[in-house]
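Input: a single structure, listed below in structure tokens.
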Amino acid sequence: MIYIIYPDRFLGAAVLPTPYVDEAIKELERCVKELGFKYWHTHSNYKNEHLYEEKYLPLLAKAEELGCAFYVHPQASDDKDMKDMGYVYSSPGLGFGLDAMKTSLRIILNGIFDKFPKLRMILGHLGEYFPFILDRVDNRFEWIRDDEVKMKHPVSYYFKNKNIVVTTSGNMSKLAFECTRKALGIDSIIFGSDYPYESLSDMMKYMDSLELTEKEKEMVFHLNAEKYILGK
């Protein structure tokens, strides 16, 4: 039995058997229509498969139909060179961010947001590495055209169009926050603590140190989530 004690304050996130697409679609419908969940949580890789592959298009189509955002959580990189340097290097030290960014960028480049323009993706850690390199990514893909790239707009468009929003989870750098705010806008940032892997009290101290206005706090702590996840 699942209880949501404060339904006006906490949102349920579905966890799906994603590689089994037909079953994942059924479970997503059940979670949204019967349990009232508002988004679903997935990993950046499933060993030898990734969400950007054609196999997963029906699941993403169903997510758009249901108005259900999806959160791409990093998974340990399956790259051999990464693994050769040990767990920290291949996972939380560097590999997590690289793998989540690789998957999310491929989702963009494969034109998935053009196929499903109302689809919403959430990235943690203040957008992985996107805020820092977004202008360069736009520039390179404009300057050098690859036939494999199917997106209709610059990469930054999908952030500005709010197909992609980010959370603060697992990143307590003031410089990273300022970079993200300037690159994506305060209306693209949602509070997240990455609990239990990070301390919630430490994250709250970090948020207090940012000296946000009351309006900005409201946006980060609840208004942005209500708008882009709940559709209010």
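Labels used: A, B, ... for chains in the order of the structure tokens, numbers from 1 for residues in each chain, and numbers from 1 for ligands as shown.
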Go through region 75-188 of chain A and flag each residue having an atom no more than 9 Å from region 41-55 of chain A; for those, report the closest pair of atoms plus their distance in Å to one decimal, using only C-alpha atoms, ordered by chain and rising number, as JSON lines.
{"residue": "A:Gln75", "atom": "CA", "partner": "A:Ser44", "partner_atom": "CA", "distance": 5.4}
{"residue": "A:Ala76", "atom": "CA", "partner": "A:Asn45", "partner_atom": "CA", "distance": 8.1}
{"residue": "A:Ser77", "atom": "CA", "partner": "A:Asn45", "partner_atom": "CA", "distance": 8.0}
{"residue": "A:Asp78", "atom": "CA", "partner": "A:Lys47", "partner_atom": "CA", "distance": 6.7}
{"residue": "A:Phe96", "atom": "CA", "partner": "A:Ser44", "partner_atom": "CA", "distance": 8.5}
{"residue": "A:Asp99", "atom": "CA", "partner": "A:Ser44", "partner_atom": "CA", "distance": 6.2}
{"residue": "A:Ala100", "atom": "CA", "partner": "A:Ser44", "partner_atom": "CA", "distance": 5.0}
{"residue": "A:Met101", "atom": "CA", "partner": "A:Ser44", "partner_atom": "CA", "distance": 8.3}
{"residue": "A:Lys102", "atom": "CA", "partner": "A:Ser44", "partner_atom": "CA", "distance": 8.2}
{"residue": "A:Thr103", "atom": "CA", "partner": "A:Ser44", "partner_atom": "CA", "distance": 5.8}
{"residue": "A:Ser104", "atom": "CA", "partner": "A:Tyr52", "partner_atom": "CA", "distance": 7.8}
{"residue": "A:Leu105", "atom": "CA", "partner": "A:Tyr52", "partner_atom": "CA", "distance": 9.0}
{"residue": "A:Arg106", "atom": "CA", "partner": "A:Tyr52", "partner_atom": "CA", "distance": 6.1}
{"residue": "A:Ile107", "atom": "CA", "partner": "A:Tyr52", "partner_atom": "CA", "distance": 4.8}
{"residue": "A:Ile108", "atom": "CA", "partner": "A:Tyr52", "partner_atom": "CA", "distance": 8.5}
{"residue": "A:Asn110", "atom": "CA", "partner": "A:Tyr52", "partner_atom": "CA", "distance": 7.1}
{"residue": "A:Ile112", "atom": "CA", "partner": "A:Tyr52", "partner_atom": "CA", "distance": 7.7}
Residues of region 53-227 of chain A in strand (DSSP E), written as an MDAnalysis selection string: chainID A and resid 69:73 121:123 164:167 189:190
With all heavy atoms retained, could you export that selection as a short mmCIF file (atom, residue, chain, number, x, y, z; two decimals), in the first residue's frame?
data_model
loop_
_atom_site.label_atom_id
_atom_site.label_comp_id
_atom_site.auth_asym_id
_atom_site.auth_seq_id
_atom_site.Cartn_x
_atom_site.Cartn_y
_atom_site.Cartn_z
N ALA A 69 6.45 13.64 -16.90
CA ALA A 69 7.87 13.92 -17.10
C ALA A 69 8.71 12.70 -16.71
O ALA A 69 8.23 11.80 -16.02
CB ALA A 69 8.28 15.13 -16.26
N PHE A 70 9.96 12.66 -17.17
CA PHE A 70 10.85 11.57 -16.77
C PHE A 70 12.17 12.15 -16.29
O PHE A 70 12.69 13.12 -16.82
CB PHE A 70 11.06 10.57 -17.91
CG PHE A 70 11.78 11.10 -19.12
CD1 PHE A 70 13.12 10.82 -19.34
CD2 PHE A 70 11.10 11.86 -20.07
CE1 PHE A 70 13.77 11.30 -20.47
CE2 PHE A 70 11.74 12.34 -21.20
CZ PHE A 70 13.08 12.07 -21.40
N TYR A 71 12.68 11.54 -15.22
CA TYR A 71 13.92 11.98 -14.57
C TYR A 71 15.03 11.02 -14.96
O TYR A 71 14.96 9.82 -14.67
CB TYR A 71 13.72 11.97 -13.05
CG TYR A 71 14.75 12.72 -12.24
CD1 TYR A 71 14.38 13.79 -11.44
CD2 TYR A 71 16.09 12.35 -12.26
CE1 TYR A 71 15.31 14.47 -10.67
CE2 TYR A 71 17.03 13.03 -11.51
CZ TYR A 71 16.64 14.09 -10.72
OH TYR A 71 17.58 14.76 -9.98
N VAL A 72 16.06 11.52 -15.61
CA VAL A 72 17.20 10.69 -16.00
C VAL A 72 18.24 10.73 -14.88
O VAL A 72 18.93 11.73 -14.68
CB VAL A 72 17.82 11.16 -17.32
CG1 VAL A 72 19.08 10.34 -17.63
CG2 VAL A 72 16.82 11.02 -18.46
N HIS A 73 18.32 9.64 -14.13
CA HIS A 73 19.29 9.55 -13.04
C HIS A 73 20.55 8.85 -13.55
O HIS A 73 20.46 7.85 -14.25
CB HIS A 73 18.70 8.77 -11.86
CG HIS A 73 19.55 8.82 -10.64
ND1 HIS A 73 20.66 8.02 -10.48
CD2 HIS A 73 19.46 9.59 -9.54
CE1 HIS A 73 21.22 8.29 -9.31
NE2 HIS A 73 20.53 9.23 -8.72
N MET A 121 11.83 16.34 -19.65
CA MET A 121 12.91 15.57 -19.04
C MET A 121 13.51 16.37 -17.90
O MET A 121 13.66 17.60 -17.99
CB MET A 121 13.99 15.25 -20.09
CG MET A 121 15.20 14.51 -19.54
SD MET A 121 16.30 13.87 -20.84
CE MET A 121 16.91 15.40 -21.56
N ILE A 122 13.87 15.69 -16.82
CA ILE A 122 14.48 16.33 -15.66
C ILE A 122 15.89 15.76 -15.47
O ILE A 122 16.08 14.55 -15.52
CB ILE A 122 13.65 16.06 -14.38
CG1 ILE A 122 12.19 16.44 -14.60
CG2 ILE A 122 14.23 16.83 -13.19
CD1 ILE A 122 11.25 15.91 -13.52
N LEU A 123 16.86 16.65 -15.27
CA LEU A 123 18.24 16.24 -15.01
C LEU A 123 18.66 16.75 -13.64
O LEU A 123 18.34 17.88 -13.26
CB LEU A 123 19.19 16.83 -16.07
CG LEU A 123 18.98 16.37 -17.51
CD1 LEU A 123 19.93 17.12 -18.44
CD2 LEU A 123 19.21 14.87 -17.64
N ILE A 164 13.42 20.45 -21.03
CA ILE A 164 14.37 19.99 -20.03
C ILE A 164 14.47 21.00 -18.90
O ILE A 164 14.69 22.19 -19.15
CB ILE A 164 15.77 19.79 -20.66
CG1 ILE A 164 15.69 18.92 -21.91
CG2 ILE A 164 16.73 19.19 -19.64
CD1 ILE A 164 16.91 18.99 -22.79
N VAL A 165 14.29 20.52 -17.68
CA VAL A 165 14.54 21.33 -16.49
C VAL A 165 15.52 20.56 -15.61
O VAL A 165 15.76 19.37 -15.83
CB VAL A 165 13.24 21.66 -15.73
CG1 VAL A 165 12.35 22.57 -16.56
CG2 VAL A 165 12.49 20.40 -15.33
N VAL A 166 16.09 21.24 -14.62
CA VAL A 166 17.14 20.63 -13.83
C VAL A 166 16.85 20.78 -12.35
O VAL A 166 16.05 21.63 -11.94
CB VAL A 166 18.52 21.24 -14.16
CG1 VAL A 166 18.79 21.19 -15.65
CG2 VAL A 166 18.64 22.68 -13.64
N THR A 167 17.49 19.94 -11.54
CA THR A 167 17.36 20.05 -10.09
C THR A 167 18.74 20.34 -9.47
O THR A 167 19.77 20.13 -10.10
CB THR A 167 16.79 18.77 -9.45
OG1 THR A 167 17.83 17.78 -9.35
CG2 THR A 167 15.62 18.23 -10.25
N ILE A 189 15.13 25.73 -12.70
CA ILE A 189 15.80 25.04 -11.59
C ILE A 189 14.78 24.63 -10.53
O ILE A 189 13.99 25.45 -10.06
CB ILE A 189 16.88 25.93 -10.95
CG1 ILE A 189 17.89 26.40 -12.01
CG2 ILE A 189 17.60 25.18 -9.84
CD1 ILE A 189 18.89 27.42 -11.50
N ILE A 190 14.82 23.36 -10.15
CA ILE A 190 13.93 22.79 -9.13
C ILE A 190 14.78 22.26 -7.98
O ILE A 190 15.82 21.63 -8.21
CB ILE A 190 13.07 21.66 -9.73
CG1 ILE A 190 12.13 22.22 -10.81
CG2 ILE A 190 12.26 20.94 -8.64
CD1 ILE A 190 11.41 21.14 -11.60
#
For each of A:His125, A:Lys162, A:Lys62, A:Lys26, take the minimum atom-to-atom distance to Ala225 (chain A), counting only C-alpha atoms, then give the residue where this is smallest. A:Lys162
Length of the CA of Leu66 (chain A) to CA of Phe10 (chain A) vector [Å]: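 If I compute the distance from CA of Leu66 (chain A) to CA of Phe10 (chain A), I get 18.8 Å.
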My list of candidates is A:Gly67, A:Leu57, A:Asn224, A:Leu134. Which is closest to Glu29 (chain A) when distances are computed with only C-alpha atoms? A:Gly67
Mind checking which residues fall within 12 Å of region 205-213 of chain A, counting only C-alpha atoms, ignoring those fewer than 2 positions away in the same chain, and posting them as a ChimeraX atom specification? /A:168-178,181,186,190-193,198-203,215-221
Restricting it to C-alpha atoms, dump the selection as a PDB file, in the first residue's frame.
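Okay, this is what ended up in selection27.pdb:
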ATOM      1  CA  THR A 168      19.940  21.079  -7.498  1.00  0.00           C
ATOM      2  CA  SER A 169      20.357  17.483  -6.297  1.00  0.00           C
ATOM      3  CA  GLY A 170      23.892  16.451  -5.444  1.00  0.00           C
ATOM      4  CA  ASN A 171      25.553  19.756  -6.380  1.00  0.00           C
ATOM      5  CA  MET A 172      26.350  22.287  -3.668  1.00  0.00           C
ATOM      6  CA  SER A 173      28.587  24.634  -5.633  1.00  0.00           C
ATOM      7  CA  LYS A 174      27.683  28.336  -5.669  1.00  0.00           C
ATOM      8  CA  LEU A 175      29.567  28.784  -8.933  1.00  0.00           C
ATOM      9  CA  ALA A 176      27.668  25.911 -10.540  1.00  0.00           C
ATOM     10  CA  PHE A 177      24.347  27.399  -9.407  1.00  0.00           C
ATOM     11  CA  GLU A 178      25.215  30.812 -10.845  1.00  0.00           C
ATOM     12  CA  ARG A 181      20.931  30.311 -13.481  1.00  0.00           C
ATOM     13  CA  ILE A 186      15.962  30.517 -12.525  1.00  0.00           C
ATOM     14  CA  ILE A 190      13.930  22.792  -9.131  1.00  0.00           C
ATOM     15  CA  PHE A 191      15.093  22.017  -5.615  1.00  0.00           C
ATOM     16  CA  GLY A 192      16.400  18.505  -4.974  1.00  0.00           C
ATOM     17  CA  SER A 193      18.602  17.173  -2.182  1.00  0.00           C
ATOM     18  CA  GLU A 198      23.536  13.774   0.320  1.00  0.00           C
ATOM     19  CA  SER A 199      22.591  15.435   3.598  1.00  0.00           C
ATOM     20  CA  LEU A 200      19.278  17.290   3.422  1.00  0.00           C
ATOM     21  CA  SER A 201      20.388  19.708   6.158  1.00  0.00           C
ATOM     22  CA  ASP A 202      23.612  20.456   4.239  1.00  0.00           C
ATOM     23  CA  MET A 203      21.612  21.097   1.096  1.00  0.00           C
ATOM     24  CA  LYS A 215      10.368  35.106  -5.317  1.00  0.00           C
ATOM     25  CA  GLU A 216      13.323  33.037  -6.526  1.00  0.00           C
ATOM     26  CA  LYS A 217      13.028  30.751  -3.498  1.00  0.00           C
ATOM     27  CA  GLU A 218       9.365  30.149  -4.267  1.00  0.00           C
ATOM     28  CA  MET A 219      10.244  29.306  -7.869  1.00  0.00           C
ATOM     29  CA  VAL A 220      13.019  26.870  -6.969  1.00  0.00           C
ATOM     30  CA  PHE A 221      11.269  25.234  -4.004  1.00  0.00           C
TER      31      PHE A 221
END
Just checking: using only C-alpha atoms, which residue out of A:Pro131, A:Gly231, A:Pro154, A:Pro58 ends up closest to Gly185 (chain A)?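 Checking each of A:Pro131, A:Gly231, A:Pro154, A:Pro58 against Gly185 (chain A), counting only C-alpha atoms, the winner is A:Pro131.
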